[in-house]
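> Have a look at this one.
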Amino acid sequence: MVDAPHASLKSKVVHEAEKFFAYFIYLWILFGLFSLHKAIIFQPGHLVPRLGFACFNALIMAKVMLLADDFRVGERFHFDRLIFSILFKAAAFSFVMVVFDLVEEIVLGHFHGKDVAESLADLGGGSLTVIISIGVIMFFVLIPFFAFTELDRVTGRDKLVRVLLTRRPNA
């Protein structure tokens, strides 16, 4: 019986690591695509540094999402329809990510001797329209992620993954 708490702790650690890895991969792909798009339009010669920054940013944001998940962000209300839970979680997490992004820009700006307005100007010009646009984009890119995670939760852990990865019989 001594191994039961250890096994439980090990399974929790593995589960948290799997969640972190899923968050990280999804965000790295998204941030990488955003960086690629930005580099193609604004700075064609600076692709590699931007992809490295996308990786670093994905690590940080994956941790932020994991913490938000631990604090049960997006689970305050119970909805009868799964779609509303998915949309609410996407909205809540996009809000958390935008707020974290704003705070990150302000802190980084502070270390570079900039005031708040100058720091926010580094975030796409710093206008409210740009900040809202970032939030709307994050909302829509998080919908498929939370659709998958919520469907996986409802169907039973890893059943959806097995269904998606199992070879279909020939029709």
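Identifiers in this document derive from the order of the structure tokens: chains are assigned A, B, ..., residues are numbered from 1 separately in each chain, and ligands are numbered from 1 in order of occurrence.
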Can you pull out the residues contacting range 51-62 of chain A? Cut-off 10 Å, using only C-alpha atoms, and skip same-chain residues under 3 positions away; I want them as number ranges by chain.

A: 19-36, 39, 46-48, 65-68, 96-97, 100-101

> For a test of reading the model, state the distance in Å between CA of Ser94 in chain A and CA of Val64 in chain A, rounded to one decimal.

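Separation between CA of Ser94 in chain A and CA of Val64 in chain A: 11.1 Å.
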
> List the spatial neighbours of Arg76 in chain A as a PyMOL selection string - criterion: any atom at most 12 Å away, only C-alpha atoms, same-chain residues fewer than 6 positions off excluded.

chain A and resi 69+85+88-89+92
